[in-house]
>>> print(open('work-v3.cif').read())   # mmCIF, C-alpha atoms
data_upload
loop_
_atom_site.label_atom_id
_atom_site.label_comp_id
_atom_site.auth_asym_id
_atom_site.auth_seq_id
_atom_site.Cartn_x
_atom_site.Cartn_y
_atom_site.Cartn_z
CA MET A 1 -25.31 47.05 -17.92
CA ASP A 2 -23.16 48.32 -20.78
CA VAL A 3 -24.09 51.67 -22.28
CA LEU A 4 -22.69 52.37 -25.74
CA TYR A 5 -22.44 55.63 -27.67
CA PHE A 6 -21.88 56.10 -31.37
CA ALA A 7 -21.04 58.91 -33.80
CA TRP A 8 -21.49 62.44 -32.36
CA VAL A 9 -23.05 61.06 -29.19
CA ARG A 10 -19.77 59.21 -28.54
CA GLU A 11 -17.77 62.36 -29.31
CA ARG A 12 -19.91 64.57 -27.09
CA ILE A 13 -19.80 62.22 -24.12
CA GLY A 14 -16.17 61.39 -24.75
CA LEU A 15 -16.24 57.62 -24.59
CA PRO A 16 -17.58 54.73 -26.67
CA LYS A 17 -18.76 52.46 -23.88
CA GLU A 18 -19.16 52.34 -20.12
CA THR A 19 -20.62 50.03 -17.56
CA VAL A 20 -23.47 51.65 -15.66
CA ASP A 21 -24.89 50.45 -12.37
CA THR A 22 -28.51 51.53 -12.55
CA LYS A 23 -31.93 50.90 -11.07
CA ALA A 24 -33.61 52.51 -14.09
CA THR A 25 -36.38 50.40 -15.59
CA THR A 26 -36.90 52.26 -18.86
CA VAL A 27 -34.64 53.97 -21.39
CA LEU A 28 -36.07 57.35 -20.31
CA ASP A 29 -35.21 56.67 -16.66
CA LEU A 30 -31.67 55.78 -17.70
CA ILE A 31 -31.40 59.00 -19.73
CA GLU A 32 -32.56 61.02 -16.69
CA GLU A 33 -29.84 59.41 -14.57
CA LEU A 34 -27.18 60.08 -17.18
CA ARG A 35 -28.33 63.69 -17.71
CA ALA A 36 -27.98 64.37 -13.99
CA ARG A 37 -24.37 63.19 -13.98
CA GLU A 38 -22.45 65.85 -15.86
CA GLU A 39 -22.84 68.65 -18.34
CA ARG A 40 -21.54 66.56 -21.26
CA TYR A 41 -24.32 64.01 -20.71
CA ALA A 42 -26.95 66.71 -20.33
CA LEU A 43 -25.72 68.18 -23.61
CA ALA A 44 -25.70 64.87 -25.48
CA PHE A 45 -29.22 64.06 -24.30
CA SER A 46 -30.66 67.57 -24.63
CA ASP A 47 -32.72 66.80 -27.75
CA LEU A 48 -34.13 63.28 -27.85
CA SER A 49 -35.62 63.84 -31.30
CA ALA A 50 -32.02 63.81 -32.60
CA LEU A 51 -31.32 60.45 -30.94
CA ARG A 52 -32.14 56.79 -31.49
CA VAL A 53 -31.82 53.95 -29.00
CA ALA A 54 -31.20 50.22 -29.24
CA VAL A 55 -31.73 47.80 -26.35
CA ASP A 56 -29.76 44.57 -26.74
CA GLN A 57 -29.07 45.55 -30.35
CA ASP A 58 -32.71 46.03 -31.33
CA LEU A 59 -33.91 49.49 -32.28
CA THR A 60 -36.65 50.58 -29.88
CA ASP A 61 -38.45 53.54 -28.29
CA PHE A 62 -37.41 55.71 -25.35
CA ASP A 63 -40.18 54.31 -23.16
CA ALA A 64 -38.95 50.74 -23.69
CA SER A 65 -38.07 48.59 -20.69
CA ILE A 66 -34.43 47.93 -19.90
CA ILE A 67 -35.11 45.40 -17.15
CA GLY A 68 -32.66 42.54 -17.68
CA ALA A 69 -31.01 44.26 -20.65
CA ARG A 70 -27.31 43.63 -21.25
CA GLU A 71 -26.61 46.68 -23.39
CA VAL A 72 -28.24 49.95 -24.31
CA ALA A 73 -26.87 52.03 -27.18
CA PHE A 74 -27.48 55.68 -28.02
CA PHE A 75 -26.76 57.16 -31.43
CA PRO A 76 -27.99 59.65 -34.02
CA PRO A 77 -30.30 58.60 -36.88
CA MET A 78 -28.44 56.14 -39.08
CA THR A 79 -26.84 57.09 -42.37
CA GLY A 80 -25.98 53.85 -44.11
CA GLY A 81 -26.26 52.85 -47.75
CA MET B 1 -28.46 34.86 -48.29
CA ARG B 2 -25.06 36.38 -47.69
CA ILE B 3 -24.29 39.35 -45.44
CA ILE B 4 -20.79 40.80 -45.38
CA VAL B 5 -19.61 43.67 -43.17
CA GLN B 6 -16.01 44.54 -43.90
CA LYS B 7 -13.40 47.25 -43.72
CA ASP B 8 -11.61 46.44 -46.95
CA PRO B 9 -12.69 47.58 -50.42
CA PHE B 10 -14.48 45.03 -52.59
CA ASP B 11 -14.69 44.44 -56.32
CA GLY B 12 -18.35 44.92 -57.22
CA GLY B 13 -17.91 43.27 -60.60
CA SER B 14 -16.41 40.06 -59.33
CA GLU B 15 -18.87 39.94 -56.40
CA LEU B 16 -21.72 40.19 -58.89
CA ASN B 17 -20.19 37.49 -61.09
CA SER B 18 -19.84 35.10 -58.14
CA PHE B 19 -23.36 35.86 -56.97
CA THR B 20 -24.74 35.23 -60.47
CA ALA B 21 -22.74 32.01 -60.90
CA ALA B 22 -24.12 30.65 -57.62
CA GLN B 23 -27.74 30.84 -58.80
CA SER B 24 -29.69 28.29 -60.74
CA ASN B 25 -32.75 28.96 -62.83
CA MET B 26 -33.01 32.60 -61.76
CA GLY B 27 -34.22 34.76 -64.64
CA ALA B 28 -33.35 38.10 -63.06
CA ILE B 29 -30.38 39.50 -61.18
CA VAL B 30 -30.44 43.12 -59.97
CA SER B 31 -27.54 44.82 -58.26
CA PHE B 32 -26.84 48.24 -56.79
CA THR B 33 -23.44 49.59 -55.78
CA GLY B 34 -23.05 52.74 -53.69
CA ILE B 35 -19.90 54.79 -54.38
CA VAL B 36 -18.29 57.57 -52.31
CA ARG B 37 -19.23 60.80 -54.03
CA ASP B 38 -17.44 64.10 -53.62
CA VAL B 39 -20.41 66.43 -53.65
CA SER B 40 -18.46 69.62 -53.05
CA ALA B 41 -15.08 68.82 -54.66
CA VAL B 42 -13.37 69.19 -51.29
CA LEU B 43 -13.95 65.75 -49.77
CA LYS B 44 -10.74 64.17 -48.52
CA HIS B 45 -12.25 60.99 -47.15
CA MET B 46 -15.30 59.47 -45.55
CA ASP B 47 -15.31 57.50 -42.30
CA ILE B 48 -18.10 55.08 -41.57
CA GLU B 49 -18.65 54.04 -37.98
CA HIS B 50 -20.86 51.07 -37.19
CA TYR B 51 -22.18 49.03 -34.27
CA PRO B 52 -20.49 45.62 -34.45
CA GLY B 53 -23.00 42.92 -33.66
CA MET B 54 -26.10 45.01 -34.22
CA THR B 55 -24.97 45.79 -37.76
CA GLU B 56 -24.95 42.11 -38.76
CA ARG B 57 -28.26 41.49 -36.97
CA ALA B 58 -29.95 44.45 -38.65
CA LEU B 59 -28.68 43.53 -42.11
CA GLU B 60 -29.78 39.91 -41.66
CA GLN B 61 -33.21 41.08 -40.54
CA ILE B 62 -33.60 43.44 -43.51
CA ALA B 63 -32.46 40.73 -45.97
CA SER B 64 -34.78 38.15 -44.34
CA ASP B 65 -37.69 40.58 -44.61
CA ALA B 66 -36.96 40.96 -48.34
CA MET B 67 -36.73 37.17 -48.80
CA ALA B 68 -40.10 36.76 -47.05
CA ARG B 69 -41.82 39.48 -49.02
CA TRP B 70 -40.65 38.80 -52.58
CA ASP B 71 -40.05 35.65 -54.57
CA LEU B 72 -36.27 35.64 -54.30
CA GLY B 73 -33.71 32.92 -54.80
CA ASP B 74 -30.94 34.78 -53.03
CA VAL B 75 -29.80 38.10 -51.54
CA LEU B 76 -26.31 39.54 -51.17
CA VAL B 77 -25.49 42.54 -48.95
CA ILE B 78 -21.97 43.94 -48.60
CA HIS B 79 -21.41 47.05 -46.48
CA ARG B 80 -18.07 48.60 -45.58
CA TYR B 81 -17.01 50.59 -42.53
CA GLY B 82 -13.85 52.60 -41.81
CA LYS B 83 -12.06 55.05 -44.06
CA MET B 84 -12.85 55.38 -47.77
CA HIS B 85 -12.11 57.84 -50.53
CA PRO B 86 -14.05 59.32 -53.46
CA GLU B 87 -14.82 56.65 -56.10
CA ASP B 88 -14.43 53.82 -53.57
CA PRO B 89 -17.33 51.38 -53.27
CA ILE B 90 -19.25 51.74 -49.97
CA MET B 91 -21.77 48.96 -50.26
CA MET B 92 -23.67 46.75 -52.65
CA VAL B 93 -26.82 44.69 -52.74
CA ALA B 94 -27.79 42.03 -55.25
CA THR B 95 -31.02 40.10 -55.60
CA ALA B 96 -31.81 37.02 -57.65
CA SER B 97 -35.33 36.09 -58.65
CA LYS B 98 -37.24 34.22 -61.29
CA HIS B 99 -38.91 37.52 -62.06
CA ARG B 100 -37.60 40.98 -62.90
CA LYS B 101 -40.13 42.89 -60.79
CA ASP B 102 -39.33 40.96 -57.61
CA ALA B 103 -35.60 41.44 -58.11
CA PHE B 104 -35.94 45.21 -58.68
CA GLU B 105 -38.43 45.87 -55.89
CA ALA B 106 -36.48 43.82 -53.35
CA ALA B 107 -33.23 45.66 -54.20
CA ASP B 108 -35.04 49.00 -53.79
CA PHE B 109 -36.48 47.87 -50.45
CA LEU B 110 -33.05 46.71 -49.24
CA MET B 111 -31.52 50.09 -50.12
CA ASP B 112 -34.24 52.08 -48.38
CA PHE B 113 -33.81 50.09 -45.17
CA LEU B 114 -30.00 50.03 -45.30
CA LYS B 115 -30.04 53.84 -45.42
CA SER B 116 -31.87 54.42 -42.18
CA ARG B 117 -32.27 51.13 -40.29
CA ALA B 118 -28.76 49.69 -40.35
CA PRO B 119 -26.43 51.14 -37.68
CA PHE B 120 -23.90 52.97 -39.85
CA TRP B 121 -22.90 56.62 -39.47
CA LYS B 122 -21.02 58.54 -42.13
CA LYS B 123 -18.56 61.29 -41.35
CA GLU B 124 -17.10 63.43 -44.11
CA GLN B 125 -13.70 65.01 -43.80
CA THR B 126 -13.31 67.89 -46.23
CA LEU B 127 -10.51 70.44 -46.61
CA THR B 128 -12.25 72.67 -44.09
CA SER B 129 -14.47 70.53 -41.90
CA ASP B 130 -15.10 67.17 -40.30
CA ASP B 131 -18.84 66.59 -40.06
CA TRP B 132 -21.27 63.77 -39.42
CA VAL B 133 -23.62 63.37 -42.36
CA ALA B 134 -27.14 64.35 -41.30
CA SER B 135 -29.95 61.91 -41.92
CA LYS B 136 -32.55 63.08 -44.42
CA GLN B 137 -36.27 63.22 -43.86
CA GLU B 138 -36.77 61.89 -47.39
CA ASP B 139 -34.90 58.71 -46.42
CA GLU B 140 -37.24 58.25 -43.46
CA ASP B 141 -40.25 58.97 -45.69
CA ALA B 142 -39.01 56.41 -48.23
CA LEU B 143 -39.68 53.63 -45.70
CA LYS B 144 -43.37 54.48 -45.57
CA ARG B 145 -44.02 53.26 -49.09
CA TRP B 146 -43.09 49.76 -47.94
CA SER B 147 -45.50 49.71 -45.02
CA ARG B 148 -48.45 47.45 -45.47
CA PRO B 149 -51.86 47.75 -43.84
#
>>> encode(input="work-v3.cif", output="structure tokens")
Amino acid sequence: MDVLYFAWVRERIGLPKETVDTKATTVLDLIEELRAREERYALAFSDLSALRVAVDQDLTDFDASIIGAREVAFFPPMTGG
Amino acid sequence: MRIIVQKDPFDGGSELNSFTAAQSNMGAIVSFTGIVRDVSAVLKHMDIEHYPGMTERALEQIASDAMARWDLGDVLVIHRYGKMHPEDPIMMVATASKHRKDAFEAADFLMDFLKSRAPFWKKEQTLTSDDWVASKQEDEDALKRWSRP
């Protein structure tokens, strides 16, 4: 599955996109796996209230399922307009 | 319905003229253009990052929601990404309707959702800093007035 990062999440983790081999079934499970990897991930995911998630390009919640998902994206609240 | 996501600047006036010319029997056209503003007099430029693919999907969804909710003949959304300078246009929306109220309300709705539900992130480079623009609680609150029981 592709995991994408945008804005300061991308800067903090240091890359825009990576392919992750995971058995996680929910977004939260995936976050726990990523947090355990390295300090930069733990830092980026330290405050979930400052983050938003999209699964297959649809905005969703952290307890959403990622079973069969092609891409999961993490980013801060959007500032368009 | 027309959704455009582009890097290049656009001419709001000519976009509005084309949009207006393409309508028939619409009594009301409303448009809004967002411009880069130098709040502190030290802004060098703004960079807008977006999520290619999701951006187009989100904008189409927001525009479709507006078309379903109000009596509209057409909707135009243009949103830029990349580097822009003070006074540059960032985005515009235009709505066409038989009725003034529908055109105004739909444009207002589009703007509220573009602010916090379309995957764009603004970063401001000033003389002294390079910071992501923080989202505002008031923008999130603005969505609530559109929720229906």
>>> closest_atom_pairs(input="work-v3.cif", of="chain B", to="chain A", cutoff="7 Å", atoms="all atoms listed in the file", output="CSV")
residue,atom,partner,partner_atom,distance
B:Gly34,CA,A:Gly81,CA,6.8
B:Glu49,CA,A:Ala7,CA,6.8
B:Met54,CA,A:Gln57,CA,4.9
B:Met91,CA,A:Gly81,CA,6.4
B:Met111,CA,A:Gly81,CA,6.4
B:Leu114,CA,A:Gly81,CA,5.3
B:Lys115,CA,A:Gly80,CA,4.3
B:Ser116,CA,A:Met78,CA,4.9
B:Arg117,CA,A:Met78,CA,6.4
B:Ala118,CA,A:Gly80,CA,6.3
B:Pro119,CA,A:Met78,CA,5.6
B:Phe120,CA,A:Gly80,CA,4.8
B:Trp121,CA,A:Thr79,CA,4.9
B:Lys122,CA,A:Thr79,CA,6.0
B:Ser135,CA,A:Thr79,CA,5.8
>>> atom_distance(input="work-v3.cif", atom1="CA of Ala63 (chain B)", atom2="CA of Phe10 (chain B)")
19.6 Å
>>> residues_around(input="work-v3.cif", residues="Glu33 (chain A)", least_positions_apart="3", cutoff="10 Å", atoms="all atoms listed in the file", output="list in words")
Thr22, Lys23, Ala24, Val27, Leu28, Asp29, Leu30, Ala36, Arg37, Glu38, Tyr41 and Ala42 of chain A
>>> closest_residue(input="work-v3.cif", among="A:Arg10, A:Glu39, A:Arg70, A:Leu51", to="Tyr51 (chain B)", atoms="only C-alpha atoms")
A:Arg10
>>> resolve_selection(input="work-v3.cif", expression="the PyMOL selection byres ((chain B and resi 43) around 7)", output="list in words")
Asp38, Ser40, Ala41, Val42, Lys44, His45, Glu124, Gln125, Thr126 and Leu127 of chain B
>>> residues_around(input="work-v3.cif", residues="Arg40 (chain A)", least_positions_apart="6", cutoff="9 Å", atoms="all atoms listed in the file", output="list in words")
Arg12, Ile13 and Gly14 of chain A
>>> atom_distance(input="work-v3.cif", atom1="CA of Arg2 (chain B)", atom2="CA of His85 (chain B)")
25.2 Å
>>> residues_near_point(input="work-v3.cif", point="(-18.4, 53.4, -51.9)", cutoff="6 Å", atoms="only C-alpha atoms", output="list of chain:residue names")
B:Gly34, B:Ile35, B:Val36, B:Asp88, B:Pro89, B:Ile90, B:Met91
>>> residues_around(input="work-v3.cif", residues="Asp74 (chain B)", least_positions_apart="3", cutoff="12 Å", atoms="all atoms listed in the file", output="VMD selection string")
chain B and resid 1 to 3 19 to 26 28 to 31 63 to 64 66 to 68 70 to 71 77 93 to 98 102 to 103 106 to 107
>>> resolve_selection(input="work-v3.cif", expression="the PyMOL selection byres ((chain A and resi 62) around 8)", output="ChimeraX atom specification")
/A:26-28,53,60-61,63-64
>>> atom_distance(input="work-v3.cif", atom1="CA of Arg57 (chain B)", atom2="CA of Ile31 (chain A)")
24.8 Å
>>> build_atoms(input="work-v3.cif", residues="region 125-145 of chain B", atoms="N, CA and C atoms", output="compact mmCIF listing (two decimals), in the frame of the given file")
# COMPACT_ATOMS: atom_id res chain seq x y z
N GLN B 125 -14.80 64.08 -44.06
CA GLN B 125 -13.70 65.01 -43.80
C GLN B 125 -13.40 65.76 -45.09
N THR B 126 -13.61 67.07 -45.06
CA THR B 126 -13.31 67.89 -46.23
C THR B 126 -12.07 68.73 -45.92
N LEU B 127 -11.69 69.59 -46.84
CA LEU B 127 -10.51 70.44 -46.61
C LEU B 127 -10.72 71.36 -45.42
N THR B 128 -11.99 71.68 -45.14
CA THR B 128 -12.25 72.67 -44.09
C THR B 128 -13.03 72.16 -42.90
N SER B 129 -13.62 70.97 -43.01
CA SER B 129 -14.47 70.53 -41.90
C SER B 129 -14.45 69.02 -41.73
N ASP B 130 -15.07 68.58 -40.65
CA ASP B 130 -15.10 67.17 -40.30
C ASP B 130 -16.48 66.94 -39.68
N ASP B 131 -17.45 66.59 -40.52
CA ASP B 131 -18.84 66.59 -40.06
C ASP B 131 -19.56 65.26 -40.25
N TRP B 132 -20.39 64.92 -39.28
CA TRP B 132 -21.27 63.77 -39.42
C TRP B 132 -22.32 64.10 -40.46
N VAL B 133 -22.59 63.16 -41.34
CA VAL B 133 -23.62 63.37 -42.36
C VAL B 133 -24.98 63.31 -41.67
N ALA B 134 -25.81 64.32 -41.93
CA ALA B 134 -27.14 64.35 -41.30
C ALA B 134 -28.08 63.39 -42.04
N SER B 135 -28.96 62.77 -41.27
CA SER B 135 -29.95 61.91 -41.92
C SER B 135 -30.96 62.81 -42.63
N LYS B 136 -31.59 62.26 -43.66
CA LYS B 136 -32.55 63.08 -44.42
C LYS B 136 -33.97 62.60 -44.16
N GLN B 137 -34.87 63.57 -44.06
CA GLN B 137 -36.27 63.22 -43.86
C GLN B 137 -36.79 62.37 -45.02
N GLU B 138 -36.29 62.65 -46.23
CA GLU B 138 -36.77 61.89 -47.39
C GLU B 138 -36.40 60.41 -47.28
N ASP B 139 -35.28 60.12 -46.59
CA ASP B 139 -34.90 58.71 -46.42
C ASP B 139 -35.86 58.01 -45.45
N GLU B 140 -36.27 58.78 -44.43
CA GLU B 140 -37.24 58.25 -43.46
C GLU B 140 -38.60 58.06 -44.16
N ASP B 141 -38.98 59.05 -44.96
CA ASP B 141 -40.25 58.97 -45.69
C ASP B 141 -40.27 57.80 -46.66
N ALA B 142 -39.09 57.49 -47.22
CA ALA B 142 -39.01 56.41 -48.23
C ALA B 142 -39.45 55.07 -47.64
N LEU B 143 -39.30 54.91 -46.32
CA LEU B 143 -39.68 53.63 -45.70
C LEU B 143 -41.19 53.44 -45.70
N LYS B 144 -41.91 54.57 -45.70
CA LYS B 144 -43.37 54.48 -45.57
C LYS B 144 -44.02 53.77 -46.75
N ARG B 145 -43.39 53.88 -47.91
CA ARG B 145 -44.02 53.26 -49.09
C ARG B 145 -43.98 51.75 -49.01
